[in-house]
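Pasting coords-v9.txt here (compact mmCIF, C-alpha atoms and all ligand atoms):
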```
# COMPACT_ATOMS: atom_id res chain seq x y z
CA MET E 140 -47.45 -40.11 -112.77
CA SER E 141 -44.12 -41.86 -112.28
CA ASP E 142 -41.64 -40.45 -109.79
CA PRO E 143 -38.93 -38.11 -111.04
CA TYR E 144 -35.39 -39.51 -110.72
CA PHE E 145 -34.77 -37.14 -107.79
CA GLN E 146 -37.68 -38.44 -105.66
CA LYS E 147 -35.23 -40.39 -103.49
CA LEU E 148 -33.08 -37.31 -103.02
CA PHE E 149 -35.51 -35.22 -100.95
CA ALA E 150 -34.14 -34.40 -97.50
CA GLU E 151 -35.57 -36.23 -94.48
CA ARG E 152 -36.75 -32.88 -93.08
CA LEU E 153 -39.35 -32.81 -95.88
CA GLY E 154 -40.23 -36.50 -95.57
CA GLY E 155 -37.37 -37.96 -97.63
CA ALA E 156 -38.39 -40.17 -100.55
CA ASN E 157 -42.06 -39.86 -99.46
CA TYR E 158 -42.11 -36.10 -100.01
CA GLY E 159 -45.23 -34.97 -101.91
CA LYS E 160 -47.05 -38.28 -101.47
CA GLY E 161 -48.87 -37.65 -98.18
CA THR E 162 -52.64 -37.42 -98.15
CA GLU E 163 -52.90 -35.42 -94.94
CA ILE E 164 -54.62 -32.09 -95.48
CA TYR E 165 -53.52 -29.24 -93.26
CA LYS E 166 -55.96 -27.22 -91.21
CA PHE E 167 -55.86 -24.02 -93.22
CA GLU E 168 -56.27 -25.92 -96.50
CA LYS E 169 -59.29 -27.75 -95.03
CA ILE E 170 -60.81 -24.38 -94.12
CA LYS E 171 -60.19 -23.03 -97.62
CA ARG E 172 -61.85 -26.09 -99.18
CA ALA E 173 -64.81 -25.87 -96.78
CA LYS E 174 -65.22 -22.17 -97.67
CA ARG E 175 -65.25 -22.94 -101.40
CA LYS E 176 -67.82 -25.68 -100.86
CA ALA E 177 -70.06 -23.48 -98.70
CA LEU E 178 -70.01 -20.79 -101.39
CA ALA E 179 -70.83 -23.33 -104.12
CA ASP E 180 -73.55 -25.16 -102.12
CA ARG E 181 -75.29 -22.06 -100.74
CA PRO E 182 -74.50 -19.14 -103.08
CA GLU E 183 -77.47 -17.14 -101.73
CA ARG E 184 -76.19 -17.26 -98.13
CA LYS E 185 -73.50 -14.70 -97.27
CA LEU E 186 -70.30 -16.25 -96.02
CA ILE E 187 -69.41 -14.68 -92.66
CA ASP E 188 -65.64 -14.88 -92.56
CA PHE E 189 -63.99 -14.86 -89.13
CA GLY E 190 -61.25 -17.08 -90.51
CA ILE E 191 -58.87 -14.63 -92.14
CA GLY E 192 -55.89 -13.53 -90.06
CA GLU E 193 -54.94 -10.55 -92.21
CA ASN E 194 -55.69 -6.86 -91.77
CA ASP E 195 -58.61 -5.82 -93.95
CA GLU E 196 -57.30 -2.34 -94.86
CA MET E 197 -54.33 -1.10 -96.85
CA ALA E 198 -51.51 0.92 -95.27
CA ALA E 199 -52.26 4.52 -94.25
CA GLU E 200 -52.16 7.19 -96.94
CA PRO E 201 -49.07 9.06 -95.58
CA VAL E 202 -47.12 5.77 -95.69
CA ARG E 203 -48.20 5.03 -99.25
CA ARG E 204 -47.22 8.60 -100.20
CA VAL E 205 -43.66 8.13 -98.91
CA MET E 206 -43.50 4.81 -100.76
CA ALA E 207 -44.70 6.37 -104.02
CA GLU E 208 -42.03 9.03 -103.81
CA ALA E 209 -39.22 6.69 -102.73
CA LEU E 210 -40.12 4.26 -105.50
CA ASN E 211 -39.12 6.78 -108.16
CA ARG E 212 -35.76 7.76 -106.70
CA PRO E 213 -32.77 6.10 -108.37
CA GLU E 214 -30.74 5.96 -105.16
CA ASN E 215 -33.25 3.49 -103.69
CA ARG E 216 -32.82 0.92 -106.43
CA GLY E 217 -30.07 -1.35 -105.11
CA TYR E 218 -29.45 -4.15 -102.63
CA ALA E 219 -30.28 -3.06 -99.12
CA ASP E 220 -28.25 -5.81 -97.43
CA ASN E 221 -28.81 -5.63 -93.68
CA GLY E 222 -30.83 -2.44 -93.90
CA ILE E 223 -30.59 1.32 -94.12
CA ALA E 224 -29.68 3.56 -91.20
CA GLU E 225 -32.86 5.63 -91.69
CA PHE E 226 -35.06 2.65 -90.77
CA LYS E 227 -32.91 1.54 -87.83
CA GLU E 228 -32.92 5.10 -86.47
CA ALA E 229 -36.72 5.23 -86.80
CA VAL E 230 -36.93 1.95 -84.84
CA ALA E 231 -34.67 3.36 -82.12
CA ARG E 232 -36.91 6.48 -81.87
CA PHE E 233 -40.04 4.29 -81.78
CA MET E 234 -38.70 1.93 -79.10
CA LYS E 235 -37.66 4.91 -76.94
CA HIS E 236 -40.85 6.88 -77.40
CA GLN E 237 -43.24 3.92 -77.12
CA PHE E 238 -41.54 1.77 -74.47
CA GLY E 239 -38.73 3.88 -72.99
CA VAL E 240 -36.23 1.31 -74.35
CA GLU E 241 -32.91 2.79 -75.54
CA LEU E 242 -31.29 0.87 -78.39
CA ASP E 243 -28.21 1.54 -80.46
CA PRO E 244 -29.42 1.58 -84.07
CA ASP E 245 -25.98 0.44 -85.10
CA GLY E 246 -25.82 -3.04 -83.61
CA GLU E 247 -28.88 -3.59 -81.45
CA ILE E 248 -31.47 -3.37 -84.27
CA ASN E 249 -31.68 -5.16 -87.61
CA HIS E 250 -34.54 -5.13 -90.09
CA CYS E 251 -36.14 -8.30 -91.48
CA ILE E 252 -38.39 -9.00 -94.45
CA GLY E 253 -41.39 -9.58 -92.18
CA SER E 254 -41.06 -11.18 -88.76
CA LYS E 255 -41.76 -14.64 -90.21
CA THR E 256 -38.34 -14.65 -91.86
CA ALA E 257 -36.64 -13.60 -88.61
CA LEU E 258 -38.35 -16.42 -86.72
CA ALA E 259 -37.22 -18.80 -89.46
CA MET E 260 -33.60 -17.61 -89.30
CA LEU E 261 -33.04 -17.25 -85.55
CA PRO E 262 -32.75 -21.03 -84.90
CA ALA E 263 -29.80 -21.08 -87.30
CA THR E 264 -27.89 -18.88 -84.85
CA LEU E 265 -28.09 -21.39 -81.97
CA ILE E 266 -29.47 -24.81 -82.85
CA ASN E 267 -27.16 -27.78 -83.41
CA PRO E 268 -28.48 -31.34 -83.79
CA GLY E 269 -30.01 -32.53 -80.50
CA ASP E 270 -30.63 -29.01 -79.11
CA VAL E 271 -34.10 -28.09 -77.93
CA THR E 272 -36.35 -25.10 -78.62
CA LEU E 273 -39.12 -24.52 -76.09
CA MET E 274 -42.25 -23.31 -77.89
CA THR E 275 -45.70 -22.40 -76.63
CA VAL E 276 -48.72 -24.10 -78.25
CA PRO E 277 -51.07 -23.17 -79.78
CA GLY E 278 -48.92 -20.69 -81.60
CA TYR E 279 -46.95 -19.58 -84.62
CA PRO E 280 -44.81 -22.64 -85.44
CA VAL E 281 -42.10 -21.24 -87.75
CA ALA E 282 -39.16 -21.17 -85.28
CA GLY E 283 -39.99 -24.76 -84.31
CA THR E 284 -40.08 -25.95 -87.91
CA HIS E 285 -36.64 -24.49 -88.54
CA THR E 286 -35.32 -25.95 -85.27
CA THR E 287 -36.17 -29.41 -86.62
CA TYR E 288 -34.59 -28.52 -89.99
CA TYR E 289 -31.29 -28.10 -88.10
CA GLY E 290 -31.70 -31.45 -86.34
CA GLY E 291 -33.04 -29.93 -83.12
CA GLU E 292 -36.18 -30.82 -81.20
CA VAL E 293 -39.22 -28.84 -80.18
CA TYR E 294 -40.58 -29.13 -76.64
CA ARG E 295 -44.18 -27.93 -76.54
CA LEU E 296 -45.43 -25.80 -73.67
CA PRO E 297 -49.25 -25.79 -73.69
CA LEU E 298 -51.05 -22.52 -73.01
CA LEU E 299 -53.90 -23.59 -70.77
CA LYS E 300 -56.73 -21.57 -69.27
CA GLU E 301 -55.87 -22.93 -65.80
CA ASN E 302 -52.42 -21.33 -66.16
CA ASP E 303 -53.94 -18.10 -67.44
CA PHE E 304 -52.49 -18.89 -70.91
CA PHE E 305 -48.88 -18.65 -69.69
CA PRO E 306 -46.44 -21.56 -70.13
CA ASP E 307 -45.67 -23.56 -66.99
CA LEU E 308 -41.89 -23.15 -67.00
CA ASP E 309 -41.58 -25.25 -63.81
CA SER E 310 -43.03 -28.30 -65.56
CA ILE E 311 -40.12 -28.73 -68.01
CA PRO E 312 -38.17 -31.95 -67.30
CA SER E 313 -34.53 -31.42 -66.35
CA ASP E 314 -33.12 -33.42 -69.30
CA ILE E 315 -35.04 -31.12 -71.67
CA LEU E 316 -33.85 -28.04 -69.80
CA GLN E 317 -30.25 -29.19 -70.11
CA ARG E 318 -30.57 -29.42 -73.89
CA ALA E 319 -32.76 -26.32 -74.31
CA LYS E 320 -31.12 -23.34 -75.99
CA LEU E 321 -34.09 -21.30 -77.11
CA LEU E 322 -37.40 -20.25 -75.55
CA VAL E 323 -39.87 -18.70 -78.00
CA ILE E 324 -42.70 -16.73 -76.43
CA ASN E 325 -45.30 -14.54 -78.09
CA TYR E 326 -47.17 -11.77 -76.26
CA PRO E 327 -49.72 -10.39 -77.01
CA ASN E 328 -50.31 -14.04 -77.78
CA SER E 329 -51.75 -15.39 -80.98
CA PRO E 330 -54.24 -17.02 -80.88
CA THR E 331 -55.17 -16.78 -77.16
CA GLY E 332 -55.11 -12.96 -77.03
CA LYS E 333 -53.33 -13.06 -73.66
CA VAL E 334 -51.11 -10.08 -72.81
CA ALA E 335 -48.02 -10.54 -70.62
CA GLY E 336 -47.30 -8.27 -67.69
CA GLU E 337 -44.04 -7.23 -66.04
CA GLU E 338 -44.24 -10.16 -63.61
CA PHE E 339 -44.30 -12.86 -66.30
CA PHE E 340 -41.50 -11.21 -68.30
CA ALA E 341 -39.39 -10.96 -65.10
CA ARG E 342 -39.98 -14.68 -64.49
CA VAL E 343 -38.83 -15.40 -68.08
CA VAL E 344 -35.62 -13.38 -67.60
CA ASP E 345 -34.90 -15.26 -64.39
CA PHE E 346 -35.67 -18.65 -66.01
CA ALA E 347 -33.49 -17.87 -69.03
CA ARG E 348 -30.55 -16.72 -66.95
CA SER E 349 -30.63 -19.62 -64.51
CA ASN E 350 -30.97 -22.22 -67.28
CA GLU E 351 -28.71 -20.44 -69.80
CA ILE E 352 -31.40 -20.21 -72.46
CA VAL E 353 -31.90 -17.48 -75.07
CA VAL E 354 -35.34 -15.86 -75.27
CA VAL E 355 -37.04 -14.82 -78.48
CA GLN E 356 -40.14 -12.76 -77.73
CA ASP E 357 -42.39 -12.49 -80.78
CA ALA E 358 -44.06 -9.09 -80.52
CA ALA E 359 -45.90 -9.23 -83.86
CA HIS E 360 -49.19 -8.10 -82.27
CA ILE E 361 -47.75 -5.66 -79.72
CA MET E 362 -49.46 -2.52 -81.04
CA LEU E 363 -52.80 -4.33 -80.76
CA THR E 364 -52.67 -4.26 -76.96
CA PHE E 365 -55.97 -3.33 -75.29
CA ASP E 366 -55.13 -4.37 -71.73
CA GLY E 367 -53.02 -1.43 -70.53
CA LYS E 368 -50.14 0.08 -72.48
CA PRO E 369 -48.19 -2.09 -74.95
CA LEU E 370 -45.30 -3.68 -73.03
CA SER E 371 -41.97 -4.60 -74.61
CA PHE E 372 -40.01 -7.53 -73.17
CA LEU E 373 -36.98 -5.23 -73.32
CA GLN E 374 -38.54 -3.00 -70.67
CA THR E 375 -37.93 -5.82 -68.18
CA PRO E 376 -34.72 -5.41 -66.18
CA GLY E 377 -32.14 -7.87 -67.54
CA ALA E 378 -34.15 -8.81 -70.66
CA ARG E 379 -31.54 -7.42 -73.00
CA ASP E 380 -28.98 -9.78 -71.43
CA VAL E 381 -31.00 -12.88 -72.29
CA GLY E 382 -32.55 -12.37 -75.69
CA VAL E 383 -34.18 -10.44 -78.48
CA GLU E 384 -37.61 -9.16 -79.40
CA VAL E 385 -39.00 -9.58 -82.92
CA HIS E 386 -41.34 -6.86 -84.21
CA SER E 387 -43.49 -6.55 -87.29
CA LEU E 388 -45.21 -3.74 -89.16
CA SER E 389 -47.79 -6.18 -90.54
CA LYS E 390 -50.57 -6.11 -87.96
CA GLY E 391 -50.18 -2.84 -86.06
CA TRP E 392 -49.63 -0.66 -89.14
CA ASN E 393 -51.78 -2.47 -91.78
CA MET E 394 -48.60 -3.39 -93.67
CA ILE E 395 -49.02 -7.15 -94.01
CA GLY E 396 -47.94 -7.42 -97.64
CA TRP E 397 -45.08 -4.94 -97.34
CA ARG E 398 -42.91 -7.48 -95.47
CA MET E 399 -41.18 -5.38 -92.88
CA GLY E 400 -40.12 -5.98 -89.31
CA TRP E 401 -37.07 -5.90 -87.04
CA VAL E 402 -35.10 -7.85 -84.46
CA CYS E 403 -33.75 -5.94 -81.45
CA GLY E 404 -32.06 -6.69 -78.18
CA HIS E 405 -28.70 -8.19 -77.23
CA ARG E 406 -26.00 -6.94 -79.60
CA ARG E 407 -24.33 -10.35 -80.02
CA LEU E 408 -27.63 -12.05 -80.86
CA VAL E 409 -28.71 -9.28 -83.24
CA GLY E 410 -25.28 -9.59 -84.90
CA ALA E 411 -25.64 -13.38 -85.26
CA PHE E 412 -29.10 -12.88 -86.76
CA ALA E 413 -27.68 -10.30 -89.19
CA ASP E 414 -24.95 -12.76 -90.24
CA VAL E 415 -27.48 -15.50 -91.01
CA LYS E 416 -29.79 -13.04 -92.74
CA ASP E 417 -26.95 -11.71 -94.87
CA ASN E 418 -26.60 -15.25 -96.22
CA CYS E 419 -30.33 -15.63 -96.92
CA ASP E 420 -31.53 -12.37 -98.47
CA SER E 421 -30.24 -9.00 -99.62
CA GLY E 422 -32.59 -6.82 -97.59
CA GLN E 423 -36.03 -5.31 -98.13
CA PHE E 424 -36.47 -2.78 -100.96
CA ILE E 425 -35.17 0.57 -99.66
CA ALA E 426 -38.40 2.35 -100.64
CA VAL E 427 -40.31 -0.02 -98.33
CA GLN E 428 -37.83 0.65 -95.52
CA LYS E 429 -38.31 4.40 -95.94
CA ALA E 430 -42.09 4.07 -95.91
CA ALA E 431 -41.86 1.85 -92.81
CA ALA E 432 -39.68 4.48 -91.09
CA ALA E 433 -42.39 7.07 -91.77
CA ALA E 434 -45.02 4.69 -90.38
CA LEU E 435 -43.07 4.23 -87.14
CA ASP E 436 -42.99 7.99 -86.60
CA ASN E 437 -46.78 8.27 -86.90
CA ASP E 438 -48.62 7.33 -83.67
CA ASP E 439 -51.97 8.10 -85.23
CA ILE E 440 -51.78 5.02 -87.46
CA THR E 441 -51.43 2.47 -84.65
CA ARG E 442 -54.00 4.26 -82.48
CA ARG E 443 -56.67 4.10 -85.21
CA ILE E 444 -56.01 0.45 -86.02
CA ARG E 445 -56.06 -0.50 -82.34
CA GLU E 446 -59.36 1.36 -81.76
CA LYS E 447 -60.99 -0.26 -84.77
CA TYR E 448 -60.13 -3.85 -83.82
CA HIS E 449 -61.00 -3.24 -80.17
CA ARG E 450 -64.42 -1.91 -81.23
CA ARG E 451 -65.00 -4.95 -83.46
CA LEU E 452 -63.91 -7.41 -80.74
CA THR E 453 -66.23 -5.72 -78.23
CA LYS E 454 -69.19 -6.09 -80.60
CA LEU E 455 -68.34 -9.72 -81.36
CA VAL E 456 -68.02 -10.62 -77.68
CA GLU E 457 -71.46 -9.11 -76.97
CA VAL E 458 -73.00 -11.18 -79.78
CA LEU E 459 -71.27 -14.43 -78.85
CA ARG E 460 -72.15 -14.08 -75.17
CA ARG E 461 -75.82 -13.64 -76.07
CA CYS E 462 -75.50 -16.92 -78.03
CA GLY E 463 -74.08 -18.87 -75.07
CA PHE E 464 -70.32 -18.51 -75.63
CA ASP E 465 -68.26 -17.81 -72.50
CA CYS E 466 -65.90 -15.14 -73.82
CA HIS E 467 -64.32 -11.80 -73.00
CA VAL E 468 -62.55 -9.12 -75.01
CA PRO E 469 -58.93 -10.36 -75.26
CA GLY E 470 -56.02 -8.39 -73.87
CA GLY E 471 -54.54 -8.04 -77.34
CA SER E 472 -54.42 -9.19 -81.00
CA TYR E 473 -57.37 -9.19 -83.40
CA PHE E 474 -58.38 -12.71 -82.43
CA LEU E 475 -61.03 -13.96 -80.05
CA TYR E 476 -60.08 -17.42 -78.71
CA THR E 477 -63.03 -19.07 -77.06
CA PRO E 478 -64.04 -22.60 -75.96
CA SER E 479 -65.60 -24.52 -78.81
CA PRO E 480 -69.17 -25.83 -78.44
CA LYS E 481 -69.47 -29.51 -77.55
CA SER E 482 -72.71 -29.97 -79.45
CA ILE E 483 -75.81 -28.32 -80.88
CA VAL E 484 -79.28 -28.57 -79.30
CA SER E 485 -81.09 -31.24 -81.39
CA GLY E 486 -78.01 -31.47 -83.59
CA PRO E 487 -74.61 -33.11 -83.81
CA ALA E 488 -72.02 -33.54 -81.03
CA PHE E 489 -68.43 -32.51 -81.77
CA ASP E 490 -65.34 -34.54 -80.84
CA ASN E 491 -63.12 -31.50 -81.16
CA ALA E 492 -62.96 -27.88 -82.32
CA GLU E 493 -62.20 -28.96 -85.87
CA ALA E 494 -65.54 -30.81 -86.10
CA ALA E 495 -67.36 -27.76 -84.69
CA ALA E 496 -65.64 -25.42 -87.18
CA GLN E 497 -66.51 -27.74 -90.08
CA TYR E 498 -70.16 -27.77 -88.96
CA LEU E 499 -70.31 -23.96 -88.68
CA ILE E 500 -68.92 -23.40 -92.15
CA ALA E 501 -70.78 -26.23 -93.92
CA GLU E 502 -74.21 -25.72 -92.34
CA HIS E 503 -74.24 -22.01 -91.51
CA SER E 504 -71.51 -20.42 -93.69
CA ILE E 505 -69.68 -19.10 -90.62
CA CYS E 506 -65.93 -19.48 -91.01
CA THR E 507 -63.71 -19.79 -87.90
CA VAL E 508 -60.31 -21.40 -87.23
CA PRO E 509 -60.26 -24.41 -84.88
CA TRP E 510 -57.43 -25.05 -82.37
CA ASP E 511 -57.17 -28.43 -80.66
CA ASP E 512 -53.58 -28.20 -79.36
CA ALA E 513 -54.41 -27.29 -75.75
CA GLY E 514 -58.16 -27.80 -75.34
CA ALA E 515 -60.86 -27.32 -78.00
CA TYR E 516 -61.11 -23.66 -79.00
CA LEU E 517 -62.41 -21.62 -81.91
CA ARG E 518 -60.61 -18.52 -83.12
CA PHE E 519 -62.73 -15.68 -84.48
CA SER E 520 -60.75 -13.00 -86.30
CA VAL E 521 -62.26 -9.52 -86.57
CA THR E 522 -60.38 -8.70 -89.78
CA TYR E 523 -63.53 -9.31 -91.85
CA GLU E 524 -64.32 -6.81 -94.59
CA ALA E 525 -66.91 -4.18 -93.66
CA ASP E 526 -66.86 -0.67 -95.10
CA ASP E 527 -68.17 1.18 -92.06
CA GLU E 528 -69.63 0.69 -88.60
CA ALA E 529 -73.13 0.17 -89.99
CA ALA E 530 -71.79 -2.71 -92.11
CA GLU E 531 -70.07 -4.15 -89.03
CA ASP E 532 -73.36 -3.97 -87.11
CA GLN E 533 -75.21 -5.66 -89.94
CA LEU E 534 -72.66 -8.49 -90.00
CA MET E 535 -72.94 -8.88 -86.23
CA ALA E 536 -76.77 -9.01 -86.44
CA GLU E 537 -76.55 -11.73 -89.11
CA THR E 538 -74.01 -13.69 -87.01
CA GLU E 539 -76.30 -13.46 -83.98
CA SER E 540 -79.36 -14.60 -85.86
CA ARG E 541 -77.56 -17.66 -87.31
CA LEU E 542 -75.93 -18.66 -84.01
CA LYS E 543 -79.18 -18.25 -82.04
CA GLN E 544 -80.91 -20.75 -84.35
CA ILE E 545 -78.10 -23.24 -83.73
CA GLN E 546 -78.16 -23.08 -79.90
CA PRO E 547 -74.61 -24.25 -79.18
CA VAL E 548 -74.04 -26.33 -76.02
CA PHE E 549 -70.77 -25.99 -74.04
C1 LIG I 601 -47.65 -14.56 -83.72
C2 LIG I 601 -47.15 -14.19 -85.07
N1 LIG I 601 -45.84 -13.98 -85.25
C3 LIG I 601 -45.34 -13.64 -86.44
C4 LIG I 601 -46.17 -13.53 -87.55
C5 LIG I 601 -45.54 -13.19 -88.87
O1 LIG I 601 -45.89 -11.92 -89.27
P1 LIG I 601 -45.10 -11.13 -90.42
O2 LIG I 601 -44.18 -12.10 -91.10
O3 LIG I 601 -46.16 -10.63 -91.32
O4 LIG I 601 -44.32 -10.05 -89.74
C6 LIG I 601 -47.54 -13.74 -87.42
C7 LIG I 601 -48.41 -13.66 -88.59
O5 LIG I 601 -49.49 -14.14 -88.64
C8 LIG I 601 -48.04 -14.07 -86.14
O6 LIG I 601 -49.34 -14.26 -85.94
```
As a first step, turn the structure in this file into structure tokens.
Ligand SMILES: Cc1ncc(COP(=O)(O)O)c(C=O)c1O
Amino acid sequence: MSDPYFQKLFAERLGGANYGKGTEIYKFEKIKRAKRKALADRPERKLIDFGIGENDEMAAEPVRRVMAEALNRPENRGYADNGIAEFKEAVARFMKHQFGVELDPDGEINHCIGSKTALAMLPATLINPGDVTLMTVPGYPVAGTHTTYYGGEVYRLPLLKENDFFPDLDSIPSDILQRAKLLVINYPNSPTGKVAGEEFFARVVDFARSNEIVVVQDAAHIMLTFDGKPLSFLQTPGARDVGVEVHSLSKGWNMIGWRMGWVCGHRRLVGAFADVKDNCDSGQFIAVQKAAAAALDNDDITRRIREKYHRRLTKLVEVLRRCGFDCHVPGGSYFLYTPSPKSIVSGPAFDNAEAAAQYLIAEHSICTVPWDDAGAYLRFSVTYEADDEAAEDQLMAETESRLKQIQPVF
């Protein structure tokens, strides 16, 4: 196929004139292809899918009921712009009740169409060409991608086991620190499952203030905290002076597809976010905002989801430990992040986690997600489909029997 006349017009941020010609296949596409091949090659063998990072259930019935009603009301039909007061007030109640954090719904809270969009827009508020965003890796890369779109740079902070999966803020070179405007952290962390305590958040506030850096704390998994009570960054003294926290209804309320979240914290930063957002979208459908407000007022929903994923992680850890993995129930999230095997007894050796993940899916129809950014790790998600606890137990028994035959070596 010959190139269209506009091939040379693509922006450098997408690869310029080479856009669309690369042969590199991204990790998640490789996994999808390997899954399709495993299903085609071994149709009789059940695919055990620990790869999906999406809740396996739909939103709770009371939330769907509010949605169904709101959907049919003519007053909900229009542009929602930067959001309705009813949702912001529900967020303020939730933040107070859950974390003891007082926020002014009119100025310190703004909704977003899922937290991904907020993380994509926040760099627009601060990043000029040459500015730096500090980002932890492995992690959710969206704020970094948009930093580079604006001509900024990303400085990667590895999350290593020897640092207890916290970034080493003291290791950042001074020339980077001088250009750094944004620090993006994410706790409970995806994929490591690490939960931050008051001490780490206090260190972040101090670091941000002394280096004049804005903090974005991505709290997408906050209601899936198993290690103590969920902790908001905004509970930390001084946190509101240095940044914002981004929340999502996706994971903690089974509302992945509904696209609803919020940004809260410093009034000037929330206002800057709202200005950028106002130039990108016209707000989430008001019916969705009303349903989300009802969800925030219902503690039962998050409790049940948290208990379910904690139960599943506990079962998975027991199975994996019996098969030689060195793992523990994570502090939060629905992911188990565990060192990848180096080889298989009387089988292949693996150069990295990606090779191990490819082997598991191709030879044993077990799907995981490999991470090689800061050591070789496999991520097992417990969002697999299973109708009841008996089905979960059956899936665990099948996982154990396949992994025991393999005999992984670490
Ligand atoms: C760490 C983290 N942040 C943010 C998101 C985005 O979530 P959403 O856009 O559904 O709110 C995800 C989703 O996978 C995530 O894992």
### Task
Counting all atoms listed in the file, find the residues whose atoms lie at most 12 Å from (-27.8, -28.2, -66.2) (file coordinates) and write them out as an MDAnalysis selection string.
chainID E and resid 312:320 348:352
### Query
Got a sec to check which residues lie within 6 Å of ligand LIG 601 (chain I), using all atoms listed in the file, and send them as an MDAnalysis selection string?
chainID E and resid 253:255 279 329 357 359 387 389 395 400
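Distances from E:Gln356, E:Gln544, E:Thr522, E:Gln428 to Leu499 of chain E were compared using all atoms listed in the file, and the smallest one belongs to E:Gln544.
Shortest separation to Trp392 of chain E among E:Asp220, E:Glu493, E:Asp420, E:Glu200 occurs at residue E:Glu200, atoms counted being all atoms listed in the file.
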Give as a PDB file with C-alpha atoms, in the frame of the given file the set of residues within 12 Å of the point (-48.3, 4.3, -75.6), where distances use the file's coordinates and all atoms listed in the file.
```pdb
ATOM      1  CA  PHE E 233     -40.040   4.290 -81.780  1.00  0.00           C
ATOM      2  CA  MET E 234     -38.700   1.930 -79.100  1.00  0.00           C
ATOM      3  CA  LYS E 235     -37.660   4.910 -76.940  1.00  0.00           C
ATOM      4  CA  HIS E 236     -40.850   6.880 -77.400  1.00  0.00           C
ATOM      5  CA  GLN E 237     -43.240   3.920 -77.120  1.00  0.00           C
ATOM      6  CA  PHE E 238     -41.540   1.770 -74.470  1.00  0.00           C
ATOM      7  CA  GLY E 239     -38.730   3.880 -72.990  1.00  0.00           C
ATOM      8  CA  ILE E 361     -47.750  -5.660 -79.720  1.00  0.00           C
ATOM      9  CA  MET E 362     -49.460  -2.520 -81.040  1.00  0.00           C
ATOM     10  CA  LEU E 363     -52.800  -4.330 -80.760  1.00  0.00           C
ATOM     11  CA  THR E 364     -52.670  -4.260 -76.960  1.00  0.00           C
ATOM     12  CA  PHE E 365     -55.970  -3.330 -75.290  1.00  0.00           C
ATOM     13  CA  ASP E 366     -55.130  -4.370 -71.730  1.00  0.00           C
ATOM     14  CA  GLY E 367     -53.020  -1.430 -70.530  1.00  0.00           C
ATOM     15  CA  LYS E 368     -50.140   0.080 -72.480  1.00  0.00           C
ATOM     16  CA  PRO E 369     -48.190  -2.090 -74.950  1.00  0.00           C
ATOM     17  CA  LEU E 370     -45.300  -3.680 -73.030  1.00  0.00           C
ATOM     18  CA  SER E 371     -41.970  -4.600 -74.610  1.00  0.00           C
ATOM     19  CA  ASP E 438     -48.620   7.330 -83.670  1.00  0.00           C
ATOM     20  CA  ASP E 439     -51.970   8.100 -85.230  1.00  0.00           C
ATOM     21  CA  THR E 441     -51.430   2.470 -84.650  1.00  0.00           C
ATOM     22  CA  ARG E 442     -54.000   4.260 -82.480  1.00  0.00           C
ATOM     23  CA  ARG E 445     -56.060  -0.500 -82.340  1.00  0.00           C
TER      24      ARG E 445
END
```
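The space between atom CA of Ser540 of chain E and atom CA of Glu183 of chain E spans 16.2 Å.
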### Task
Could you give me, as a list of chain:residue names, the residues within 12 Å of segment 153-162 of chain E, counting only C-alpha atoms and dropping anything in the same chain fewer than 4 positions from it?
E:Met140, E:Ser141, E:Asp142, E:Pro143, E:Tyr144, E:Phe145, E:Gln146, E:Lys147, E:Leu148, E:Phe149, E:Thr284, E:His285, E:Thr287, E:Tyr288
### Query
At what distance in Å, to one decimal, does atom CA of Asp465 of chain E lie from atom CA of Glu539 of chain E?
14.7 Å
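Proximity to Gly470 of chain E was assessed for E:Val415, E:Val334, E:Ile187, E:Leu435 counting all atoms listed in the file; the smallest distance is recorded for E:Val334.
Compared by their closest atoms to Gly382 of chain E, and using all atoms listed in the file, the residues E:Ala492, E:Ala179, E:Val458, E:Ile324 rank with E:Ile324 nearest.
Among the candidate residues E:Lys429, E:Met206, E:Tyr448, E:Leu265, the one lying nearest to Tyr523 of chain E is E:Tyr448, with distances computed using only C-alpha atoms.
We find atom CA of Ile311 of chain E and atom CA of Thr275 of chain E to be spaced 12.1 Å apart.
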